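**Q** Sharing structure.cif here; it has mmCIF, C-alpha atoms.
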```
data_entry
#
loop_
_atom_site.label_atom_id
_atom_site.label_comp_id
_atom_site.auth_asym_id
_atom_site.auth_seq_id
_atom_site.Cartn_x
_atom_site.Cartn_y
_atom_site.Cartn_z
CA MET A 27 11.53 -18.35 1.57
CA GLN A 28 12.86 -21.13 3.79
CA GLU A 29 13.59 -18.40 6.35
CA LEU A 30 9.85 -18.39 7.04
CA GLU A 31 9.69 -22.11 7.96
CA GLY A 32 7.68 -22.46 11.15
CA LYS A 33 7.84 -18.74 11.92
CA GLN A 34 5.21 -16.66 13.71
CA ILE A 35 4.01 -13.58 11.79
CA LEU A 36 1.89 -10.76 13.17
CA MET A 37 0.11 -8.56 10.61
CA THR A 38 -2.07 -5.47 10.98
CA GLY A 39 -4.29 -4.23 8.16
CA ALA A 40 -4.72 -7.74 6.74
CA SER A 41 -8.23 -7.00 5.50
CA GLY A 42 -7.03 -4.16 3.24
CA PHE A 43 -5.96 -4.36 -0.39
CA ILE A 44 -2.23 -4.93 0.13
CA GLY A 45 -2.70 -6.84 3.38
CA SER A 46 -5.10 -9.35 1.85
CA HIS A 47 -2.64 -10.11 -0.95
CA LEU A 48 0.24 -10.50 1.51
CA LEU A 49 -1.90 -12.92 3.50
CA ASP A 50 -2.64 -14.90 0.33
CA TYR A 51 1.10 -14.98 -0.32
CA PHE A 52 1.85 -16.57 3.06
CA ILE A 53 -1.00 -19.06 2.67
CA SER A 54 0.35 -20.03 -0.76
CA LEU A 55 3.84 -20.49 0.72
CA ASN A 56 2.40 -22.84 3.32
CA GLN A 57 0.51 -24.84 0.73
CA ASN A 58 3.22 -25.09 -1.92
CA ILE A 59 6.71 -24.48 -0.51
CA LEU A 60 7.13 -24.62 3.25
CA THR A 61 7.37 -28.01 4.95
CA ASN A 62 6.77 -26.47 8.37
CA PRO A 63 4.09 -23.79 7.81
CA CYS A 64 4.37 -20.28 9.12
CA LYS A 65 1.59 -19.10 11.42
CA ILE A 66 -0.05 -15.74 10.75
CA THR A 67 -1.96 -13.70 13.33
CA CYS A 68 -4.01 -10.87 11.83
CA ILE A 69 -5.21 -7.88 13.81
CA ILE A 70 -8.37 -6.60 12.14
CA ASN A 71 -11.10 -4.08 12.88
CA LYS A 72 -13.92 -5.80 11.00
CA GLU A 73 -15.06 -9.24 9.82
CA ASN A 74 -12.79 -12.29 9.66
CA VAL A 75 -10.22 -12.06 6.90
CA VAL A 76 -9.90 -15.70 5.84
CA LYS A 77 -10.54 -19.20 7.08
CA ASP A 78 -7.27 -21.12 7.15
CA LYS A 79 -5.79 -23.42 9.78
CA ASN A 80 -2.57 -21.40 9.91
CA VAL A 81 -4.30 -18.01 10.20
CA THR A 82 -5.69 -16.52 13.40
CA THR A 83 -7.71 -13.30 13.35
CA ILE A 84 -8.13 -11.01 16.35
CA LYS A 85 -10.46 -8.04 16.31
CA ALA A 86 -8.78 -5.12 18.05
CA ASP A 87 -8.27 -1.38 17.84
CA LEU A 88 -4.55 -0.69 17.45
CA THR A 89 -4.87 2.61 19.24
CA GLN A 90 -6.01 0.81 22.41
CA GLY A 91 -2.91 -1.34 22.95
CA LEU A 92 -2.12 -4.97 22.15
CA LEU A 93 -0.55 -6.89 24.99
CA ASN A 94 -3.84 -7.86 26.60
CA LYS A 95 -5.40 -8.87 23.26
CA LEU A 96 -2.84 -11.41 22.00
CA PRO A 97 -2.59 -14.88 23.54
CA ASN A 98 0.78 -15.37 21.84
CA HIS A 99 3.56 -12.84 22.48
CA ASN A 100 6.23 -14.65 20.47
CA PHE A 101 6.43 -13.31 16.94
CA ASP A 102 9.38 -13.53 14.58
CA TYR A 103 8.05 -11.03 12.03
CA VAL A 104 5.72 -8.07 12.46
CA ILE A 105 4.08 -6.38 9.45
CA HIS A 106 2.26 -3.10 10.12
CA LEU A 107 -0.09 -1.99 7.33
CA ALA A 108 -3.10 -0.61 9.21
CA ALA A 109 -3.97 2.92 8.06
CA VAL A 110 -6.73 5.17 6.82
CA SER A 111 -5.40 5.35 3.26
CA SER A 112 -8.39 6.40 1.14
CA PRO A 113 -8.33 10.18 0.44
CA GLN A 114 -12.09 10.36 0.96
CA GLN A 115 -11.79 8.57 4.30
CA TYR A 116 -8.88 10.52 5.75
CA LYS A 117 -10.50 13.79 4.72
CA LYS A 118 -13.63 12.62 6.55
CA ASN A 119 -11.79 11.13 9.57
CA PRO A 120 -8.45 12.99 9.91
CA LEU A 121 -8.04 12.34 13.64
CA ARG A 122 -8.49 8.59 13.12
CA ALA A 123 -5.80 8.68 10.41
CA LEU A 124 -3.43 10.51 12.76
CA ASP A 125 -4.19 8.21 15.69
CA LEU A 126 -3.39 5.11 13.63
CA SER A 127 -0.15 6.64 12.36
CA TYR A 128 1.10 7.70 15.79
CA ILE A 129 -0.64 5.77 18.58
CA GLY A 130 -1.23 2.61 16.52
CA THR A 131 2.34 2.54 15.23
CA ARG A 132 3.83 3.22 18.65
CA ASN A 133 1.78 0.36 20.13
CA ILE A 134 3.01 -1.96 17.38
CA LEU A 135 6.64 -0.94 17.89
CA ASP A 136 6.37 -1.33 21.66
CA PHE A 137 4.90 -4.79 21.19
CA SER A 138 7.58 -5.73 18.66
CA LYS A 139 10.22 -4.70 21.17
CA GLU A 140 8.61 -6.84 23.87
CA CYS A 141 8.46 -9.96 21.69
CA ASN A 142 12.02 -9.53 20.30
CA ALA A 143 10.87 -9.69 16.67
CA LYS A 144 13.54 -10.56 14.10
CA SER A 145 12.19 -8.02 11.64
CA VAL A 146 9.48 -5.34 11.72
CA LEU A 147 8.12 -4.07 8.40
CA CYS A 148 6.20 -0.78 8.56
CA PHE A 149 4.26 0.65 5.64
CA SER A 150 4.69 4.33 4.91
CA SER A 151 3.68 5.89 1.58
CA ALA A 152 5.01 7.70 -1.47
CA ALA A 153 2.80 10.55 -0.22
CA ILE A 154 5.51 11.53 2.28
CA TYR A 155 7.47 13.12 -0.59
CA GLY A 156 4.73 15.65 -1.38
CA ASN A 157 5.47 17.59 -4.56
CA PRO A 158 9.07 17.18 -5.76
CA ASN A 159 11.02 20.44 -5.92
CA GLU A 160 12.07 19.67 -9.48
CA TYR A 161 9.26 18.36 -11.64
CA ASN A 162 11.50 16.13 -13.74
CA THR A 163 13.24 14.41 -10.84
CA SER A 164 12.43 10.91 -9.66
CA LEU A 165 12.31 10.45 -5.92
CA ASN A 166 15.01 8.57 -4.08
CA GLU A 167 14.78 7.63 -0.42
CA SER A 168 16.91 10.57 0.73
CA ASN A 169 14.51 13.15 -0.72
CA LEU A 170 13.15 15.20 2.19
CA GLY A 171 9.81 16.00 0.57
CA THR A 172 7.68 19.12 0.83
CA LEU A 173 4.53 18.79 2.94
CA SER A 174 2.20 21.39 4.38
CA PRO A 175 0.49 20.77 7.73
CA PHE A 176 -2.40 22.93 6.46
CA SER A 177 -3.95 20.52 4.01
CA ASP A 178 -6.79 18.04 3.82
CA ARG A 179 -4.08 15.46 3.06
CA SER A 180 -1.92 16.29 6.09
CA SER A 181 -3.53 13.78 8.44
CA TYR A 182 -2.31 11.03 6.12
CA THR A 183 0.91 12.44 4.66
CA ILE A 184 2.36 13.93 7.83
CA GLY A 185 0.94 10.97 9.76
CA LYS A 186 3.15 8.74 7.63
CA LYS A 187 6.11 11.03 8.31
CA VAL A 188 5.42 10.55 12.02
CA LEU A 189 5.30 6.77 11.48
CA GLU A 190 8.74 6.92 9.87
CA THR A 191 10.09 9.09 12.68
CA LEU A 192 8.83 6.58 15.23
CA CYS A 193 10.49 3.74 13.33
CA TYR A 194 13.80 5.61 13.19
CA THR A 195 13.57 6.51 16.88
CA TYR A 196 12.88 2.90 17.95
CA PHE A 197 15.75 1.69 15.77
CA LYS A 198 18.21 4.19 17.25
CA LYS A 199 17.02 4.08 20.87
CA PHE A 200 16.09 0.39 21.24
CA ASN A 201 17.92 -1.22 18.29
CA LEU A 202 14.57 -2.46 16.99
CA PRO A 203 15.07 -4.22 13.61
CA VAL A 204 12.52 -2.08 11.79
CA LYS A 205 12.41 -1.44 8.04
CA ILE A 206 10.12 0.97 6.14
CA VAL A 207 8.53 0.61 2.69
CA ARG A 208 7.08 3.46 0.67
CA PRO A 209 4.63 2.04 -1.91
CA PHE A 210 3.99 4.00 -5.10
CA ASN A 211 0.46 3.41 -6.44
CA ILE A 212 0.15 -0.33 -6.09
CA TYR A 213 -2.71 -1.77 -8.15
CA GLY A 214 -4.45 -5.09 -8.75
CA PRO A 215 -7.58 -7.06 -7.79
CA ARG A 216 -9.46 -5.99 -4.64
CA MET A 217 -8.44 -2.35 -4.88
CA ASP A 218 -10.57 0.21 -3.11
CA LYS A 219 -13.51 0.97 -5.41
CA ASN A 220 -12.73 4.70 -5.03
CA SER A 221 -9.13 4.38 -6.24
CA VAL A 222 -8.41 6.11 -9.52
CA LEU A 223 -8.04 2.95 -11.63
CA SER A 224 -11.15 1.32 -10.19
CA ARG A 225 -13.16 4.48 -10.66
CA PHE A 226 -12.16 4.79 -14.32
CA ILE A 227 -12.84 1.11 -14.99
CA PHE A 228 -16.33 1.17 -13.45
CA LYS A 229 -17.20 4.22 -15.53
CA ILE A 230 -16.08 2.51 -18.75
CA ILE A 231 -17.94 -0.71 -17.96
CA ASN A 232 -21.12 1.25 -17.21
CA GLY A 233 -20.72 3.60 -20.18
CA GLU A 234 -20.63 6.66 -17.93
CA GLU A 235 -18.65 9.88 -18.18
CA ILE A 236 -15.14 9.80 -16.75
CA HIS A 237 -14.26 12.86 -14.68
CA LEU A 238 -10.58 13.79 -14.45
CA TYR A 239 -9.85 15.97 -11.42
CA GLY A 240 -8.01 19.18 -12.21
CA ASP A 241 -6.42 19.23 -15.65
CA GLY A 242 -5.76 15.47 -15.84
CA GLU A 243 -2.06 16.05 -16.49
CA GLN A 244 -0.90 14.92 -13.02
CA THR A 245 1.20 11.76 -13.38
CA ARG A 246 1.65 8.61 -11.35
CA THR A 247 3.58 5.38 -11.72
CA PHE A 248 1.74 2.11 -11.19
CA CYS A 249 3.19 -1.10 -9.74
CA HIS A 250 1.33 -4.42 -9.91
CA ILE A 251 0.58 -6.04 -6.55
CA SER A 252 2.47 -9.23 -7.42
CA ASP A 253 5.66 -7.23 -8.06
CA ALA A 254 5.08 -5.13 -4.96
CA ILE A 255 4.78 -8.19 -2.71
CA ASP A 256 8.12 -9.43 -3.99
CA GLY A 257 9.60 -6.09 -2.94
CA PHE A 258 7.94 -6.09 0.48
CA ILE A 259 9.25 -9.56 1.28
CA LYS A 260 12.76 -8.69 0.10
CA VAL A 261 12.83 -5.71 2.45
CA MET A 262 11.40 -7.68 5.37
CA LEU A 263 14.00 -10.44 5.04
CA ASP A 264 17.04 -8.64 3.63
CA GLY A 265 16.55 -4.88 4.05
CA GLN A 266 18.82 -2.74 6.21
CA GLU A 267 17.38 -1.97 9.63
CA GLY A 268 16.39 1.64 10.21
CA GLU A 269 16.09 2.42 6.49
CA ALA A 270 13.28 3.17 4.01
CA TYR A 271 12.73 1.61 0.57
CA ASN A 272 10.67 2.75 -2.40
CA ILE A 273 8.42 0.06 -3.86
CA GLY A 274 7.07 0.90 -7.31
CA ASP A 275 7.68 0.89 -11.05
CA GLU A 276 9.73 3.83 -12.31
CA HIS A 277 8.95 2.98 -15.94
CA ALA A 278 5.15 3.07 -15.75
CA GLU A 279 4.58 6.83 -15.43
CA LYS A 280 1.29 7.96 -16.92
CA SER A 281 -0.84 11.07 -16.73
CA MET A 282 -4.47 10.52 -15.81
CA ILE A 283 -5.41 11.31 -19.42
CA GLU A 284 -2.96 8.67 -20.65
CA VAL A 285 -4.35 6.11 -18.20
CA VAL A 286 -7.86 6.62 -19.58
CA LYS A 287 -6.62 6.28 -23.18
CA LEU A 288 -4.81 3.05 -22.26
CA LEU A 289 -7.99 1.71 -20.65
CA PHE A 290 -9.90 2.51 -23.84
CA LYS A 291 -7.27 0.53 -25.75
CA VAL A 292 -7.23 -2.60 -23.56
CA SER A 293 -11.02 -2.67 -23.12
CA GLU A 294 -11.87 -1.75 -26.70
CA ARG A 295 -14.52 0.57 -25.27
CA LYS A 296 -14.86 4.33 -25.02
CA THR A 297 -16.86 6.87 -23.08
CA ILE A 298 -16.91 10.64 -22.62
CA VAL A 299 -14.01 12.19 -20.69
CA LYS A 300 -14.22 15.57 -18.94
CA THR A 301 -11.89 17.53 -16.69
CA VAL A 302 -13.70 18.82 -13.58
CA ASN A 303 -12.96 20.62 -10.34
CA TYR A 304 -12.07 18.46 -7.35
CA PRO A 305 -15.23 17.24 -5.59
CA SER A 306 -15.86 18.40 -2.02
CA ASP A 307 -15.14 14.96 -0.51
CA TYR A 308 -11.73 14.62 -2.21
CA PRO A 309 -8.58 16.50 -1.06
CA LYS A 310 -7.46 18.63 -3.99
CA ASP A 311 -3.81 19.44 -3.21
CA GLU A 312 -2.38 16.25 -4.69
CA PRO A 313 1.19 15.92 -6.04
CA ARG A 314 1.66 16.77 -9.71
CA ARG A 315 4.15 13.93 -10.15
CA SER A 316 5.14 10.86 -8.17
CA VAL A 317 7.91 8.71 -9.65
CA PRO A 318 10.18 6.45 -7.56
CA ASP A 319 13.91 6.06 -7.95
CA MET A 320 14.25 2.27 -7.66
CA THR A 321 18.07 2.10 -7.52
CA LYS A 322 18.11 0.91 -3.91
CA MET A 323 15.68 -1.96 -4.55
CA LYS A 324 17.39 -2.97 -7.79
CA LYS A 325 20.58 -3.57 -5.80
CA MET A 326 18.55 -6.15 -3.84
CA GLY A 327 17.50 -7.90 -7.06
CA PHE A 328 14.05 -6.34 -7.39
CA ILE A 329 12.60 -6.43 -10.92
CA ASN A 330 9.20 -5.27 -12.19
CA LYS A 331 7.77 -8.17 -14.18
CA VAL A 332 4.22 -7.01 -14.95
CA PHE A 333 4.00 -4.37 -17.68
CA PHE A 334 1.35 -1.75 -16.92
CA GLU A 335 -0.70 -2.36 -20.07
CA LYS A 336 -0.96 -6.09 -19.31
CA GLY A 337 -1.75 -5.48 -15.65
CA LEU A 338 -4.37 -2.88 -16.55
CA SER A 339 -6.02 -5.24 -19.03
CA ASP A 340 -6.14 -8.02 -16.42
CA LEU A 341 -7.60 -5.60 -13.87
CA PHE A 342 -10.29 -4.41 -16.28
CA TYR A 343 -11.53 -7.92 -17.02
CA TYR A 344 -11.28 -8.87 -13.35
CA TYR A 345 -13.81 -6.13 -12.62
CA VAL A 346 -15.95 -7.16 -15.59
CA LYS A 347 -16.26 -10.63 -14.10
CA GLN A 348 -16.88 -9.23 -10.62
CA MET A 349 -19.73 -7.09 -11.91
CA GLU A 350 -21.20 -9.99 -13.86
CA ARG A 351 -21.37 -11.90 -10.57
CA ASN A 352 -22.67 -8.81 -8.71
CA ASP A 353 -19.63 -9.15 -6.45
CA VAL A 354 -18.48 -5.50 -6.44
#
```
Would you write the structure of this file as structure tokens?
**A**
Amino acid sequence: MQELEGKQILMTGASGFIGSHLLDYFISLNQNILTNPCKITCIINKENVVKDKNVTTIKADLTQGLLNKLPNHNFDYVIHLAAVSSPQQYKKNPLRALDLSYIGTRNILDFSKECNAKSVLCFSSAAIYGNPNEYNTSLNESNLGTLSPFSDRSSYTIGKKVLETLCYTYFKKFNLPVKIVRPFNIYGPRMDKNSVLSRFIFKIINGEEIHLYGDGEQTRTFCHISDAIDGFIKVMLDGQEGEAYNIGDEHAEKSMIEVVKLLFKVSERKTIVKTVNYPSDYPKDEPRRSVPDMTKMKKMGFINKVFFEKGLSDLFYYYVKQMERNDV
């Protein structure tokens, strides 16, 4: 972590779920480890993210360019998270999702080139893999994926493919030190209230029916945010330029039915569960399975430390407390 002593960090998407936790991570480093604090500049599109002497927030639209918005053009590290990542939102605003993936990313990469950043970390998604060709195969970074452009998910999934293509192009053409991470279902406090875990938890707390979309047998792996941040930082500091890295937990694969049963166990509560058709505001052509091959990250010393059952229990009672304070 001493590599971050006194460094300048530019971050987009800092008000989102992952971005807010990354920002907390840097603030904690400044308070507890670094003698010379790192300075973080956050580009946001809404209210201020946090009040901290080492954090500067700038309200800007990434698709409109950056050079005239930033008083400081000297950044050592650039972290690009901004995206329309909620399925409901990118189905509603597909052009905005595409603009952020292409125009927003290109503006960030151009700016990173201008300021001679030491490392640029761009966030893609496990969604770029689509449905694996073989159902029982975990996904390594060389998997080409299967994506249709004719889908309500395409603005996000193919948008992320475009983001990766831009990163590769800037690495090859301009030698930009860019690295890509592909998160697999990161979870923890502050998740979007429409995410699958949050939705299930709210239903259980309120004693309402849980609706599983489709047959409920689609599986996902879940990686706790604290583990994920460790992976993101490893890639930013030590990853190979021009390459992509899965960030997830290959051992925490659960079907949606199994997730609900585990929530019943950790909460000691139950409610009615039904399988239903996909609602009109939710894109239905989701992958049946999404499991990362973590071999590449393991070679960098990455280890998942938070078991899913423990993380899920903590998340449930986090939301219980939030609801008790009317803070949800």
**Q** For Pro209 in chain A, which of A:Gly45, A:Gly274, A:Gly171, A:Gly265 is the closest residue, counting all atoms listed in the file?
**A**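 Going through A:Gly45, A:Gly274, A:Gly171, A:Gly265 one by one, the smallest distance to Pro209 in chain A is for A:Gly274.
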**Q** One decimal, in Å: what's the spacing between CA of Val76 in chain A and CA of Ala40 in chain A?
**A**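 Between these atoms lies a distance of 9.5 Å.
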**Q** With distances taken over only C-alpha atoms, which residue among A:Asp136, A:Asp256, A:Glu190, A:Asp264 lies nearest Ser150 in chain A?
**A** A:Glu190
**Q** Report as a PyMOL selection string the residues that result from applying the PyMOL selection byres ((chain A and resi 328) around 12) to the structure here.
**A** chain A and resi 252-261+264-265+271-275+320-327+329-331
**Q** Env of range 309-313 of chain A: 7 Å cut, atoms = all atoms listed in the file, seq-sep filter 2 positions within chain, self excluded. Answer as a PDB file with C-alpha atoms, in the frame of the given file.
**A**
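Okay, out06.pdb is ready:
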```pdb
ATOM      1  CA  PRO A 113      -8.330  10.180   0.440  1.00  0.00           C
ATOM      2  CA  LYS A 117     -10.500  13.790   4.720  1.00  0.00           C
ATOM      3  CA  GLY A 156       4.730  15.650  -1.380  1.00  0.00           C
ATOM      4  CA  ASN A 157       5.470  17.590  -4.560  1.00  0.00           C
ATOM      5  CA  ASP A 178      -6.790  18.040   3.820  1.00  0.00           C
ATOM      6  CA  ARG A 179      -4.080  15.460   3.060  1.00  0.00           C
ATOM      7  CA  TYR A 304     -12.070  18.460  -7.350  1.00  0.00           C
ATOM      8  CA  ASP A 307     -15.140  14.960  -0.510  1.00  0.00           C
ATOM      9  CA  ARG A 315       4.150  13.930 -10.150  1.00  0.00           C
ATOM     10  CA  SER A 316       5.140  10.860  -8.170  1.00  0.00           C
TER      11      SER A 316
END
```
**Q** Would you save range 167-189 of chain A from the block above with N, CA, C and O atoms, as a compact mmCIF listing (two decimals), in the first residue's frame?
**A**
```
# COMPACT_ATOMS: atom_id res chain seq x y z
N GLU A 167 -10.51 -15.93 -18.43
CA GLU A 167 -10.46 -14.65 -19.12
C GLU A 167 -10.34 -14.76 -20.64
O GLU A 167 -10.60 -13.80 -21.36
N SER A 168 -9.97 -15.93 -21.13
CA SER A 168 -9.84 -16.10 -22.58
C SER A 168 -11.15 -16.54 -23.24
O SER A 168 -11.23 -16.63 -24.47
N ASN A 169 -12.18 -16.82 -22.44
CA ASN A 169 -13.47 -17.20 -23.00
C ASN A 169 -14.04 -16.04 -23.82
O ASN A 169 -14.10 -14.91 -23.35
N LEU A 170 -14.46 -16.33 -25.05
CA LEU A 170 -14.91 -15.27 -25.95
C LEU A 170 -16.34 -14.82 -25.67
O LEU A 170 -16.75 -13.73 -26.05
N GLY A 171 -17.13 -15.65 -25.00
CA GLY A 171 -18.49 -15.26 -24.68
C GLY A 171 -19.43 -15.37 -25.86
O GLY A 171 -19.02 -15.47 -27.02
N THR A 172 -20.72 -15.39 -25.57
CA THR A 172 -21.75 -15.44 -26.61
C THR A 172 -22.79 -14.38 -26.28
O THR A 172 -23.55 -14.52 -25.34
N LEU A 173 -22.80 -13.30 -27.06
CA LEU A 173 -23.72 -12.20 -26.81
C LEU A 173 -24.49 -11.86 -28.07
O LEU A 173 -23.93 -11.82 -29.16
N SER A 174 -25.77 -11.60 -27.90
CA SER A 174 -26.60 -11.16 -29.01
C SER A 174 -26.75 -9.64 -28.96
O SER A 174 -26.97 -9.07 -27.89
N PRO A 175 -26.67 -8.96 -30.12
CA PRO A 175 -26.93 -7.53 -30.13
C PRO A 175 -28.43 -7.22 -30.05
O PRO A 175 -28.83 -6.08 -29.83
N PHE A 176 -29.27 -8.26 -30.22
CA PHE A 176 -30.72 -8.08 -30.22
C PHE A 176 -31.29 -8.53 -28.88
O PHE A 176 -31.96 -9.56 -28.78
N SER A 177 -31.03 -7.76 -27.86
CA SER A 177 -31.43 -8.12 -26.51
C SER A 177 -31.60 -6.86 -25.67
O SER A 177 -30.92 -5.85 -25.91
N ASP A 178 -32.48 -6.93 -24.70
CA ASP A 178 -32.64 -5.80 -23.78
C ASP A 178 -31.41 -5.63 -22.89
O ASP A 178 -31.29 -4.62 -22.20
N ARG A 179 -30.52 -6.62 -22.89
CA ARG A 179 -29.28 -6.52 -22.11
C ARG A 179 -28.10 -6.00 -22.95
O ARG A 179 -27.04 -5.71 -22.40
N SER A 180 -28.28 -5.91 -24.25
CA SER A 180 -27.16 -5.62 -25.14
C SER A 180 -26.51 -4.28 -24.88
O SER A 180 -25.29 -4.13 -25.03
N SER A 181 -27.30 -3.27 -24.49
CA SER A 181 -26.72 -1.95 -24.26
C SER A 181 -25.68 -2.01 -23.16
O SER A 181 -24.69 -1.26 -23.17
N TYR A 182 -25.87 -2.91 -22.21
CA TYR A 182 -24.90 -3.07 -21.11
C TYR A 182 -23.81 -4.07 -21.49
O TYR A 182 -22.62 -3.76 -21.40
N THR A 183 -24.21 -5.27 -21.91
CA THR A 183 -23.23 -6.34 -22.14
C THR A 183 -22.29 -6.01 -23.29
O THR A 183 -21.06 -6.10 -23.16
N ILE A 184 -22.85 -5.62 -24.42
CA ILE A 184 -21.99 -5.29 -25.56
C ILE A 184 -21.30 -3.95 -25.32
O ILE A 184 -20.18 -3.72 -25.78
N GLY A 185 -21.96 -3.06 -24.56
CA GLY A 185 -21.28 -1.83 -24.15
C GLY A 185 -20.00 -2.12 -23.39
O GLY A 185 -18.97 -1.47 -23.59
N LYS A 186 -20.04 -3.13 -22.51
CA LYS A 186 -18.84 -3.50 -21.76
C LYS A 186 -17.80 -4.15 -22.67
O LYS A 186 -16.59 -4.00 -22.47
N LYS A 187 -18.25 -4.88 -23.68
CA LYS A 187 -17.32 -5.42 -24.68
C LYS A 187 -16.61 -4.27 -25.40
O LYS A 187 -15.40 -4.34 -25.67
N VAL A 188 -17.36 -3.23 -25.72
CA VAL A 188 -16.77 -2.06 -26.38
C VAL A 188 -15.76 -1.40 -25.45
O VAL A 188 -14.66 -1.01 -25.89
N LEU A 189 -16.10 -1.29 -24.17
CA LEU A 189 -15.15 -0.73 -23.19
C LEU A 189 -13.84 -1.52 -23.21
O LEU A 189 -12.75 -0.93 -23.25
```
